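K.L.:
Provided below: model.cif, containing mmCIF, C-alpha atoms.
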data_final
#
loop_
_atom_site.label_atom_id
_atom_site.label_comp_id
_atom_site.auth_asym_id
_atom_site.auth_seq_id
_atom_site.Cartn_x
_atom_site.Cartn_y
_atom_site.Cartn_z
CA MET A 1 0.00 0.00 0.00
CA ASN A 2 1.55 3.33 -1.04
CA SER A 3 1.87 5.97 1.65
CA ASP A 4 0.19 9.35 1.57
CA PRO A 5 2.03 11.53 -1.00
CA MET A 6 2.31 14.55 1.33
CA GLU A 7 3.63 12.39 4.16
CA SER A 8 6.17 10.96 1.73
CA LEU A 9 7.26 14.44 0.59
CA LEU A 10 7.75 15.72 4.15
CA ARG A 11 9.61 12.54 5.09
CA ILE A 12 11.88 12.89 2.06
CA LEU A 13 12.68 16.51 2.97
CA ASP A 14 13.33 15.69 6.63
CA LEU A 15 17.04 14.82 6.53
CA SER A 16 18.96 13.24 9.39
CA ASP A 17 22.22 14.79 10.59
CA SER A 18 23.81 11.31 10.72
CA GLY A 19 24.50 11.63 14.45
CA GLY A 20 26.75 14.63 13.94
CA ALA A 21 29.21 12.79 11.64
CA GLN A 22 31.42 15.29 9.84
CA THR A 23 34.64 15.41 7.83
CA ASP A 24 35.47 18.58 5.94
CA GLU A 25 31.77 18.42 5.04
CA SER A 26 28.58 18.43 7.07
CA ILE A 27 26.93 15.05 6.51
CA PHE A 28 23.19 14.41 6.20
CA VAL A 29 21.21 11.30 5.31
CA GLY A 30 17.97 11.17 3.34
CA HIS A 31 15.43 8.61 2.17
CA GLY A 32 14.83 7.33 -1.32
CA ASP A 33 11.31 7.04 -2.72
CA ALA A 34 9.52 3.73 -2.20
CA ASN A 35 6.68 4.91 -4.49
CA ALA A 36 8.91 5.37 -7.57
CA PRO A 37 7.34 3.26 -10.35
CA MET A 38 10.52 2.37 -12.25
CA LYS A 39 12.90 2.27 -9.25
CA ARG A 40 14.82 5.22 -10.66
CA LEU A 41 15.21 8.16 -8.32
CA PHE A 42 13.42 11.33 -9.44
CA GLY A 43 15.92 14.11 -10.08
CA GLY A 44 13.72 16.79 -8.52
CA GLN A 45 13.79 14.89 -5.24
CA VAL A 46 17.61 14.93 -5.13
CA LEU A 47 17.64 18.65 -5.97
CA ALA A 48 15.19 19.40 -3.15
CA GLN A 49 17.07 17.30 -0.63
CA SER A 50 20.37 18.94 -1.61
CA VAL A 51 18.83 22.38 -1.03
CA VAL A 52 17.53 21.25 2.39
CA ALA A 53 20.96 19.86 3.32
CA ALA A 54 22.68 23.13 2.39
CA ALA A 55 20.04 25.15 4.26
CA ARG A 56 20.78 23.17 7.42
CA THR A 57 24.26 24.75 7.50
CA VAL A 58 23.21 28.42 7.36
CA ASP A 59 21.32 30.49 9.93
CA SER A 60 17.56 30.76 9.66
CA GLU A 61 17.68 34.30 8.24
CA HIS A 62 19.48 33.13 5.09
CA LEU A 63 17.15 31.99 2.30
CA VAL A 64 18.25 30.09 -0.78
CA HIS A 65 18.11 32.42 -3.80
CA SER A 66 19.95 30.39 -6.43
CA MET A 67 21.33 26.96 -7.16
CA HIS A 68 23.12 25.28 -10.03
CA GLY A 69 23.32 21.51 -10.18
CA TYR A 70 24.54 18.72 -12.47
CA PHE A 71 23.00 15.26 -12.55
CA LEU A 72 26.01 12.93 -12.70
CA ARG A 73 24.49 9.45 -12.43
CA PRO A 74 21.03 7.89 -12.21
CA GLY A 75 19.86 7.34 -8.64
CA ASP A 76 18.36 4.22 -7.07
CA ALA A 77 14.95 5.04 -5.56
CA ALA A 78 15.20 2.12 -3.10
CA ALA A 79 18.53 3.21 -1.58
CA PRO A 80 19.20 5.96 0.98
CA LEU A 81 21.21 9.04 0.07
CA THR A 82 24.11 10.75 1.80
CA PHE A 83 24.61 14.50 1.38
CA GLY A 84 27.94 16.20 1.98
CA VAL A 85 27.77 19.98 2.38
CA GLN A 86 30.92 22.09 2.11
CA ARG A 87 30.90 25.65 3.45
CA LEU A 88 32.41 27.72 0.65
CA ARG A 89 31.82 31.20 2.06
CA ASP A 90 29.93 33.02 4.80
CA GLY A 91 29.67 36.75 4.20
CA ARG A 92 27.59 39.44 5.84
CA SER A 93 24.74 39.07 3.32
CA PHE A 94 25.50 35.96 1.27
CA SER A 95 26.55 32.39 2.08
CA ALA A 96 27.62 29.81 -0.49
CA ARG A 97 27.45 26.05 -0.15
CA ARG A 98 28.47 23.06 -2.27
CA THR A 99 26.36 19.91 -1.86
CA HIS A 100 27.16 16.47 -3.23
CA ALA A 101 24.49 13.77 -3.13
CA TYR A 102 25.95 10.26 -2.88
CA GLN A 103 24.69 6.72 -3.36
CA ALA A 104 26.92 3.66 -3.10
CA GLY A 105 29.86 5.96 -2.34
CA VAL A 106 29.74 7.93 -5.61
CA PRO A 107 28.16 11.33 -6.34
CA ILE A 108 24.91 11.35 -8.30
CA LEU A 109 24.39 15.14 -8.10
CA SER A 110 26.73 18.09 -7.60
CA MET A 111 25.15 21.41 -6.66
CA ILE A 112 26.28 24.88 -5.58
CA ALA A 113 23.68 27.06 -3.82
CA SER A 114 23.72 30.63 -2.57
CA PHE A 115 21.77 31.97 0.41
CA GLN A 116 20.97 35.61 1.23
CA ARG A 117 19.60 37.59 4.11
CA PRO A 118 16.47 39.60 3.11
CA ASP A 119 17.48 42.93 1.57
CA SER A 120 15.94 45.83 -0.36
CA GLY A 121 16.86 47.34 -3.71
CA ILE A 122 15.65 47.75 -7.29
CA GLU A 123 12.45 45.92 -8.31
CA HIS A 124 10.98 44.80 -11.64
CA GLN A 125 9.65 41.59 -13.17
CA GLU A 126 8.35 40.04 -16.37
CA SER A 127 4.56 40.22 -16.34
CA MET A 128 2.44 37.12 -15.87
CA PRO A 129 0.79 35.90 -19.11
CA THR A 130 -2.83 36.95 -19.50
CA GLY A 131 -5.83 34.91 -20.58
CA ILE A 132 -4.78 31.80 -18.63
CA PRO A 133 -7.75 29.79 -17.28
CA GLY A 134 -7.79 29.19 -13.53
CA PRO A 135 -6.71 25.82 -12.13
CA GLU A 136 -10.22 25.01 -10.90
CA THR A 137 -11.39 24.73 -14.53
CA LEU A 138 -8.70 22.22 -15.57
CA PRO A 139 -8.49 18.43 -15.16
CA THR A 140 -6.05 16.97 -12.65
CA SER A 141 -3.36 14.46 -13.56
CA ALA A 142 -5.25 11.96 -11.37
CA GLU A 143 -8.35 12.41 -13.54
CA LEU A 144 -6.34 11.99 -16.75
CA LEU A 145 -4.15 9.08 -15.67
CA GLY A 146 -5.92 7.34 -12.81
CA GLY A 147 -7.79 4.90 -15.01
CA ILE A 148 -4.73 3.74 -16.95
CA ASN A 149 -3.53 0.27 -15.91
CA HIS A 150 0.21 1.00 -16.03
CA PRO A 151 2.58 1.48 -13.07
CA VAL A 152 3.94 4.83 -14.29
CA ALA A 153 0.47 6.22 -15.03
CA LYS A 154 -0.83 5.09 -11.65
CA SER A 155 2.19 6.56 -9.87
CA TRP A 156 1.89 9.91 -11.65
CA ALA A 157 -1.83 9.95 -10.88
CA HIS A 158 -1.74 8.98 -7.20
CA ASP A 159 1.79 9.10 -5.74
CA ARG A 160 3.00 12.57 -6.69
CA PRO A 161 2.62 15.06 -3.82
CA PHE A 162 1.70 17.83 -6.29
CA ASP A 163 -1.56 18.59 -8.07
CA ILE A 164 -0.52 19.32 -11.67
CA ARG A 165 -2.98 20.73 -14.21
CA HIS A 166 -1.89 21.51 -17.77
CA VAL A 167 -3.36 24.52 -19.54
CA GLY A 168 -4.60 23.08 -22.82
CA SER A 169 -3.35 19.64 -23.80
CA ASP A 170 -0.87 17.55 -21.83
CA VAL A 171 1.79 15.35 -23.47
CA TYR A 172 1.14 12.09 -21.59
CA PHE A 173 -0.15 10.07 -24.58
CA ASP A 174 -0.06 12.39 -27.59
CA VAL A 175 0.63 15.96 -28.67
CA LYS A 176 -2.56 17.67 -29.78
CA GLY A 177 -2.71 20.79 -31.91
CA GLU A 178 0.23 22.82 -33.11
CA LYS A 179 3.71 21.61 -32.20
CA VAL A 180 4.88 24.59 -30.18
CA ALA A 181 7.91 24.96 -27.92
CA HIS A 182 6.04 26.41 -24.95
CA GLN A 183 3.37 25.47 -22.42
CA ALA A 184 1.74 26.49 -19.13
CA LEU A 185 0.39 24.57 -16.16
CA TRP A 186 -0.77 25.12 -12.59
CA LEU A 187 0.65 23.23 -9.63
CA LYS A 188 0.61 23.12 -5.84
CA THR A 189 1.20 20.56 -3.12
CA LEU A 190 -1.73 18.32 -2.24
CA GLY A 191 -1.64 19.51 1.38
CA ALA A 192 -0.28 22.20 3.67
CA MET A 193 3.47 22.71 4.07
CA PRO A 194 5.35 23.84 7.20
CA ALA A 195 6.05 27.57 7.41
CA ASP A 196 9.81 27.23 6.75
CA GLN A 197 10.47 29.32 3.63
CA ASN A 198 13.56 27.31 2.67
CA LEU A 199 11.39 24.18 2.75
CA HIS A 200 8.88 25.79 0.38
CA ARG A 201 11.72 26.73 -1.96
CA ALA A 202 13.16 23.22 -1.83
CA ALA A 203 9.72 21.77 -2.61
CA LEU A 204 9.46 24.10 -5.61
CA ALA A 205 12.81 22.78 -6.86
CA TYR A 206 11.32 19.30 -6.49
CA ALA A 207 8.27 20.17 -8.60
CA SER A 208 10.19 22.18 -11.21
CA ASP A 209 11.76 18.98 -12.58
CA TYR A 210 8.46 17.22 -13.36
CA THR A 211 7.59 18.93 -16.64
CA LEU A 212 10.41 21.31 -17.57
CA LEU A 213 11.57 19.25 -20.57
CA GLU A 214 8.05 19.08 -22.02
CA PRO A 215 8.35 22.17 -24.28
CA SER A 216 11.23 20.47 -26.12
CA LEU A 217 9.14 17.31 -26.45
CA ARG A 218 5.99 19.19 -27.49
CA ARG A 219 7.81 21.08 -30.25
CA HIS A 220 8.67 17.78 -31.98
CA GLY A 221 5.45 15.90 -31.31
CA ILE A 222 7.06 13.66 -28.68
CA HIS A 223 4.94 12.41 -25.79
CA TRP A 224 5.89 10.49 -22.65
CA SER A 225 4.29 7.25 -23.88
CA MET A 226 6.21 7.20 -27.17
CA PRO A 227 8.08 3.85 -27.46
CA GLY A 228 11.87 3.93 -27.49
CA ILE A 229 12.43 7.51 -26.34
CA SER A 230 15.12 8.21 -23.74
CA VAL A 231 14.79 11.40 -21.70
CA ALA A 232 17.00 12.49 -18.78
CA SER A 233 17.81 15.76 -17.02
CA LEU A 234 21.44 16.85 -17.40
CA ASP A 235 21.62 20.00 -15.33
CA HIS A 236 19.31 22.32 -13.44
CA ALA A 237 19.55 25.96 -12.38
CA MET A 238 17.02 27.86 -10.30
CA TRP A 239 16.59 31.37 -8.93
CA TRP A 240 14.09 32.28 -6.21
CA HIS A 241 13.17 35.95 -6.52
CA ARG A 242 10.52 36.44 -3.85
CA PRO A 243 8.79 34.49 -1.05
CA VAL A 244 6.85 31.50 -2.35
CA GLN A 245 4.01 29.38 -0.99
CA VAL A 246 4.12 26.06 -2.77
CA ASP A 247 0.89 24.91 -1.08
CA ASP A 248 -1.02 27.57 -3.03
CA TRP A 249 -1.50 27.59 -6.79
CA LEU A 250 1.49 28.61 -8.93
CA LEU A 251 1.45 29.15 -12.69
CA TYR A 252 4.42 27.44 -14.33
CA VAL A 253 5.15 28.76 -17.82
CA SER A 254 8.00 27.24 -19.80
CA GLU A 255 9.59 27.35 -23.23
CA SER A 256 12.38 25.71 -25.20
CA PRO A 257 14.50 28.21 -27.17
CA SER A 258 16.81 25.54 -28.63
CA ALA A 259 17.33 21.82 -29.17
CA SER A 260 20.39 20.24 -30.80
CA GLU A 261 22.87 17.38 -30.38
CA ALA A 262 20.22 15.24 -28.60
CA ARG A 263 19.80 17.99 -25.98
CA GLY A 264 16.90 20.36 -25.33
CA LEU A 265 17.21 23.62 -23.39
CA ASN A 266 14.13 24.68 -21.42
CA LEU A 267 13.39 27.81 -19.39
CA GLY A 268 10.57 28.31 -16.89
CA ARG A 269 8.95 30.94 -14.66
CA PHE A 270 6.70 30.55 -11.63
CA TYR A 271 3.98 33.11 -10.79
CA ASN A 272 1.61 33.14 -7.83
CA ARG A 273 -2.07 33.88 -8.37
CA ASP A 274 -1.45 37.59 -7.76
CA GLY A 275 0.88 37.67 -10.77
CA VAL A 276 4.08 37.92 -8.71
CA LEU A 277 7.10 36.26 -10.30
CA VAL A 278 8.49 34.10 -7.49
CA ALA A 279 11.10 31.94 -9.25
CA SER A 280 12.81 31.15 -12.55
CA VAL A 281 14.38 27.90 -13.70
CA ALA A 282 16.51 26.51 -16.53
CA GLN A 283 17.34 22.96 -17.49
CA GLU A 284 19.01 21.11 -20.33
CA GLY A 285 17.96 17.52 -20.91
CA MET A 286 19.08 14.61 -23.05
CA ILE A 287 16.34 13.61 -25.50
CA ARG A 288 17.01 10.61 -27.74
CA VAL A 289 14.42 9.36 -30.22
CA PRO A 290 14.69 6.19 -32.38
CA ASP A 291 15.40 6.85 -36.06
CA GLY A 292 12.26 7.20 -38.14
CA LEU A 293 9.94 7.64 -35.17
CA LEU A 294 9.29 11.35 -35.58
CA ASP A 295 6.73 12.64 -38.08
CA GLU A 296 8.32 15.98 -38.92
#
Show how you would write the structure in this file as structure tokens.

P.N.:
Amino acid sequence: MNSDPMESLLRILDLSDSGGAQTDESIFVGHGDANAPMKRLFGGQVLAQSVVAAARTVDSEHLVHSMHGYFLRPGDAAAPLTFGVQRLRDGRSFSARRTHAYQAGVPILSMIASFQRPDSGIEHQESMPTGIPGPETLPTSAELLGGINHPVAKSWAHDRPFDIRHVGSDVYFDVKGEKVAHQALWLKTLGAMPADQNLHRAALAYASDYTLLEPSLRRHGIHWSMPGISVASLDHAMWWHRPVQVDDWLLYVSESPSASEARGLNLGRFYNRDGVLVASVAQEGMIRVPDGLLDE
């Protein structure tokens, strides 16, 4: 019996300090994901846990404002993870940390994150797109996938701790309409989150990895059910601009400005329902398609 998705998310983000074990790094231990359908660890989970590990080494006034990570190896969802955090710099306003996530003694993710005390200064932002239907009018992933008798479909429908609702068509089974390199969707956690702002930001990093490669797929008529495709995240960068509440609806707009050499670059922005730009994200992913499969 699968556990409650919100309980699983909070458990995943609740790292142990490994009894105070420390070398030149601060050491933390985290759980895998027993609900993973293909036994491969979700990259967004490792990103979120790495942010939480780094946040454990700064004072509570410092909030993560940026991170840059590389996925080095696939992770095993059934195995625990060890996180080593190196203190790179502690300044008056900014602190920098390097986090490595390990399984079986080798790094699977390398990330550098920066934390900042709240400050004031210049302000501007890209405006939120207009004419977007509200999330209440859109079908949930559970409604779209819950009746499909396949382990991945069932996991995406019932085990994800986020409610994800595409604006227009999704790309689960086909690509409807024009093949465009952009999309929008609404998302939020299925339940309430603790008040810790760094935890909300880590959870947003978790969710940002679910669909960010989809604009590259959509542009070429590729859907997740297409036989023989191979898709994997290569790197991930994120910037948190303003306070975020991941347990309230966020509009996630994304686009792919380029794809080449079996790689697709995708950029995304998160807005709250008041139109405030709370975070931006970028990711390049490997996308391999069998010869002759695409109908260009």

K.L.:
Evaluated on this file, the PyMOL selection byres ((chain A and resi 279) around 7) picks out some residues - which ones are they, written as a list in words?

P.N.:
Trp239, Trp240, His241, Arg269, Phe270, Leu277, Val278, Ser280 and Val281 of chain A

K.L.:
Do you know which residues the PyMOL selection byres ((chain A and resi 30-34) around 6) returns on this file, as a list in words?

P.N.:
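Expected selection for the PyMOL selection byres ((chain A and resi 30-34) around 6) here is Ile12, Leu15, Val29, Asn35, Ala36, Ala77, Ala78, Ala79, Pro80 and Leu81 of chain A.
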
K.L.:
For the file shown, report as a ChimeraX atom specification the outcome of the PyMOL selection byres ((chain A and resi 180) around 10) at residue level.

P.N.:
/A:175,177-179,181-183,215-221,255-256

K.L.:
Separation of CA of Ala101 in chain A and CA of Ser18 in chain A, in Å?

P.N.:
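A separation of 14.1 Å between them.
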
K.L.:
Separation of CA of Ala207 in chain A and CA of Asp90 in chain A, in Å?

P.N.:
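Answer for the CA of Ala207 in chain A to CA of Asp90 in chain A separation: 28.5 Å.
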
K.L.:
What's around Phe94 in chain A at 9 Å? Count only C-alpha atoms, leave out sequence neighbours fewer than 2 positions away in its own chain, and write the answer as number ranges by chain.

P.N.:
A: 62, 89-92, 96, 114-117

K.L.:
Could you name the residues that touch Gln45 in chain A at 9 Å or less, counting only C-alpha atoms, but leaving out those on the same chain fewer than 2 positions away, as a count of residues only?

P.N.:
17

K.L.:
As an exercise, work out the distance from CA of His100 in chain A to CA of Leu234 in chain A in Å and give it to one decimal place.

P.N.:
15.3 Å

K.L.:
For Val51 in chain A, which of A:Asp24, A:Glu214, A:Asp14, A:Asp76 is the closest residue, counting all atoms listed in the file?

P.N.:
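Closest residue, counting all atoms listed in the file: A:Asp14.
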
K.L.:
Determine, counting only C-alpha atoms, which protein, DNA and RNA residues have an atom within 10 Å of an atom of Thr211 in chain A; residues of the same chain fewer than 4 positions away are not included. Present the result as a list in words.

P.N.:
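Surrounding residues, per the criterion: Ile164, His166, Val171, Gln183, Ala184, Leu185, Ala207, Pro215, Tyr252, Ser254, Asn266 and Gly268 of chain A.
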
K.L.:
Save out the residues we just selected, C-alpha atoms, as a compact mmCIF listing (two decimals), in the coordinates of the input.

P.N.:
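This went into result-v7.txt:
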# COMPACT_ATOMS: atom_id res chain seq x y z
CA ILE A 164 -0.52 19.32 -11.67
CA HIS A 166 -1.89 21.51 -17.77
CA VAL A 171 1.79 15.35 -23.47
CA GLN A 183 3.37 25.47 -22.42
CA ALA A 184 1.74 26.49 -19.13
CA LEU A 185 0.39 24.57 -16.16
CA ALA A 207 8.27 20.17 -8.60
CA PRO A 215 8.35 22.17 -24.28
CA TYR A 252 4.42 27.44 -14.33
CA SER A 254 8.00 27.24 -19.80
CA ASN A 266 14.13 24.68 -21.42
CA GLY A 268 10.57 28.31 -16.89

K.L.:
Of the candidates A:Gly285, A:Gly147, A:Pro118, A:Gly134, which shows the shortest atom-to-atom distance to Arg273 in chain A, using all atoms listed in the file?

P.N.:
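Distance minimum relative to Arg273 in chain A lands on A:Gly134.
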
K.L.:
Would you pick out the contacts of range 151-160 of chain A at 7 Å or less, using only C-alpha atoms, so that residues sharing its chain but fewer than 3 positions from it are not included, and give the list as a VMD selection string?

P.N.:
chain A and resid 5 35 37 141 to 142 145 to 146 148

K.L.:
Quick one: everything within 10 Å of Leu190 in chain A, counting all atoms listed in the file, minus sequence neighbours fewer than 5 positions away in the same chain. Send it as a PDB file with C-alpha atoms, keeping the file's coordinate frame.

P.N.:
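What landed in out-v4.pdb:
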ATOM      1  CA  ASP A   4       0.190   9.350   1.570  1.00  0.00           C
ATOM      2  CA  PRO A   5       2.030  11.530  -1.000  1.00  0.00           C
ATOM      3  CA  MET A   6       2.310  14.550   1.330  1.00  0.00           C
ATOM      4  CA  ARG A 160       3.000  12.570  -6.690  1.00  0.00           C
ATOM      5  CA  PRO A 161       2.620  15.060  -3.820  1.00  0.00           C
ATOM      6  CA  PHE A 162       1.700  17.830  -6.290  1.00  0.00           C
ATOM      7  CA  ASP A 163      -1.560  18.590  -8.070  1.00  0.00           C
ATOM      8  CA  ILE A 164      -0.520  19.320 -11.670  1.00  0.00           C
ATOM      9  CA  VAL A 246       4.120  26.060  -2.770  1.00  0.00           C
ATOM     10  CA  ASP A 247       0.890  24.910  -1.080  1.00  0.00           C
ATOM     11  CA  ASP A 248      -1.020  27.570  -3.030  1.00  0.00           C
TER      12      ASP A 248
END

K.L.:
Please determine the residues with any atom at most 7 Å from (18.8, 19.3, -9.9) (coordinates as given in the file, with all atoms listed in the file counting) and report them as a PyMOL selection string.

P.N.:
chain A and resi 43-44+46-47+69-71+235-236

K.L.:
Since the input is missing atoms for range 135-169 of chain A, could you rebuild it with N, CA and C atoms and give the result as a compact mmCIF listing (two decimals), in the frame of the given file?

P.N.:
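Below is the file result12.txt, written as the result:
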# COMPACT_ATOMS: atom_id res chain seq x y z
N PRO A 135 -6.93 27.26 -12.33
CA PRO A 135 -6.71 25.82 -12.13
C PRO A 135 -7.98 25.05 -11.85
N GLU A 136 -8.97 25.71 -11.25
CA GLU A 136 -10.22 25.01 -10.90
C GLU A 136 -10.98 24.52 -12.13
N THR A 137 -10.69 25.10 -13.30
CA THR A 137 -11.39 24.73 -14.53
C THR A 137 -10.69 23.61 -15.30
N LEU A 138 -9.54 23.15 -14.82
CA LEU A 138 -8.70 22.22 -15.57
C LEU A 138 -8.69 20.84 -14.92
N PRO A 139 -8.55 19.77 -15.73
CA PRO A 139 -8.49 18.43 -15.16
C PRO A 139 -7.18 18.17 -14.43
N THR A 140 -7.24 17.35 -13.39
CA THR A 140 -6.05 16.97 -12.65
C THR A 140 -5.34 15.81 -13.36
N SER A 141 -4.08 15.61 -13.01
CA SER A 141 -3.36 14.46 -13.56
C SER A 141 -3.99 13.15 -13.09
N ALA A 142 -4.56 13.16 -11.87
CA ALA A 142 -5.25 11.96 -11.37
C ALA A 142 -6.46 11.62 -12.24
N GLU A 143 -7.19 12.63 -12.69
CA GLU A 143 -8.35 12.41 -13.54
C GLU A 143 -7.93 11.90 -14.93
N LEU A 144 -6.79 12.38 -15.42
CA LEU A 144 -6.34 11.99 -16.75
C LEU A 144 -5.66 10.63 -16.77
N LEU A 145 -4.99 10.27 -15.67
CA LEU A 145 -4.15 9.08 -15.67
C LEU A 145 -4.63 7.97 -14.75
N GLY A 146 -5.54 8.30 -13.84
CA GLY A 146 -5.92 7.34 -12.81
C GLY A 146 -6.53 6.06 -13.32
N GLY A 147 -7.15 6.09 -14.48
CA GLY A 147 -7.79 4.90 -15.01
C GLY A 147 -6.90 4.06 -15.90
N ILE A 148 -5.64 4.46 -16.08
CA ILE A 148 -4.73 3.74 -16.95
C ILE A 148 -4.03 2.64 -16.16
N ASN A 149 -4.11 1.40 -16.62
CA ASN A 149 -3.53 0.27 -15.91
C ASN A 149 -2.05 0.12 -16.29
N HIS A 150 -1.24 1.04 -15.80
CA HIS A 150 0.21 1.00 -16.03
C HIS A 150 0.87 1.59 -14.80
N PRO A 151 1.98 1.00 -14.32
CA PRO A 151 2.58 1.48 -13.07
C PRO A 151 3.00 2.94 -13.10
N VAL A 152 3.53 3.42 -14.22
CA VAL A 152 3.94 4.83 -14.29
C VAL A 152 2.72 5.74 -14.25
N ALA A 153 1.69 5.41 -15.02
CA ALA A 153 0.47 6.22 -15.03
C ALA A 153 -0.15 6.26 -13.64
N LYS A 154 -0.23 5.13 -12.98
CA LYS A 154 -0.83 5.09 -11.65
C LYS A 154 0.02 5.89 -10.65
N SER A 155 1.33 5.80 -10.78
CA SER A 155 2.19 6.56 -9.87
C SER A 155 2.05 8.06 -10.10
N TRP A 156 2.05 8.48 -11.36
CA TRP A 156 1.89 9.91 -11.65
C TRP A 156 0.52 10.42 -11.22
N ALA A 157 -0.46 9.55 -11.25
CA ALA A 157 -1.83 9.95 -10.88
C ALA A 157 -2.00 10.04 -9.37
N HIS A 158 -1.40 9.11 -8.63
CA HIS A 158 -1.74 8.98 -7.20
C HIS A 158 -0.59 9.18 -6.23
N ASP A 159 0.66 9.06 -6.68
CA ASP A 159 1.79 9.10 -5.74
C ASP A 159 2.52 10.44 -5.71
N ARG A 160 2.32 11.26 -6.71
CA ARG A 160 3.00 12.57 -6.69
C ARG A 160 2.36 13.47 -5.63
N PRO A 161 3.17 14.18 -4.86
CA PRO A 161 2.62 15.06 -3.82
C PRO A 161 2.13 16.41 -4.35
N PHE A 162 2.12 16.58 -5.67
CA PHE A 162 1.70 17.83 -6.29
C PHE A 162 0.49 17.60 -7.18
N ASP A 163 -0.43 18.53 -7.14
CA ASP A 163 -1.56 18.59 -8.07
C ASP A 163 -1.09 19.37 -9.29
N ILE A 164 -1.04 18.72 -10.44
CA ILE A 164 -0.52 19.32 -11.67
C ILE A 164 -1.63 19.37 -12.71
N ARG A 165 -1.89 20.56 -13.25
CA ARG A 165 -2.98 20.73 -14.21
C ARG A 165 -2.47 21.53 -15.42
N HIS A 166 -2.34 20.85 -16.55
CA HIS A 166 -1.89 21.51 -17.77
C HIS A 166 -2.95 22.48 -18.30
N VAL A 167 -2.50 23.60 -18.81
CA VAL A 167 -3.36 24.52 -19.54
C VAL A 167 -3.38 24.05 -20.99
N GLY A 168 -4.54 23.69 -21.50
CA GLY A 168 -4.60 23.08 -22.82
C GLY A 168 -4.22 21.61 -22.72
N SER A 169 -3.63 21.07 -23.77
CA SER A 169 -3.35 19.64 -23.80
C SER A 169 -2.08 19.30 -23.02
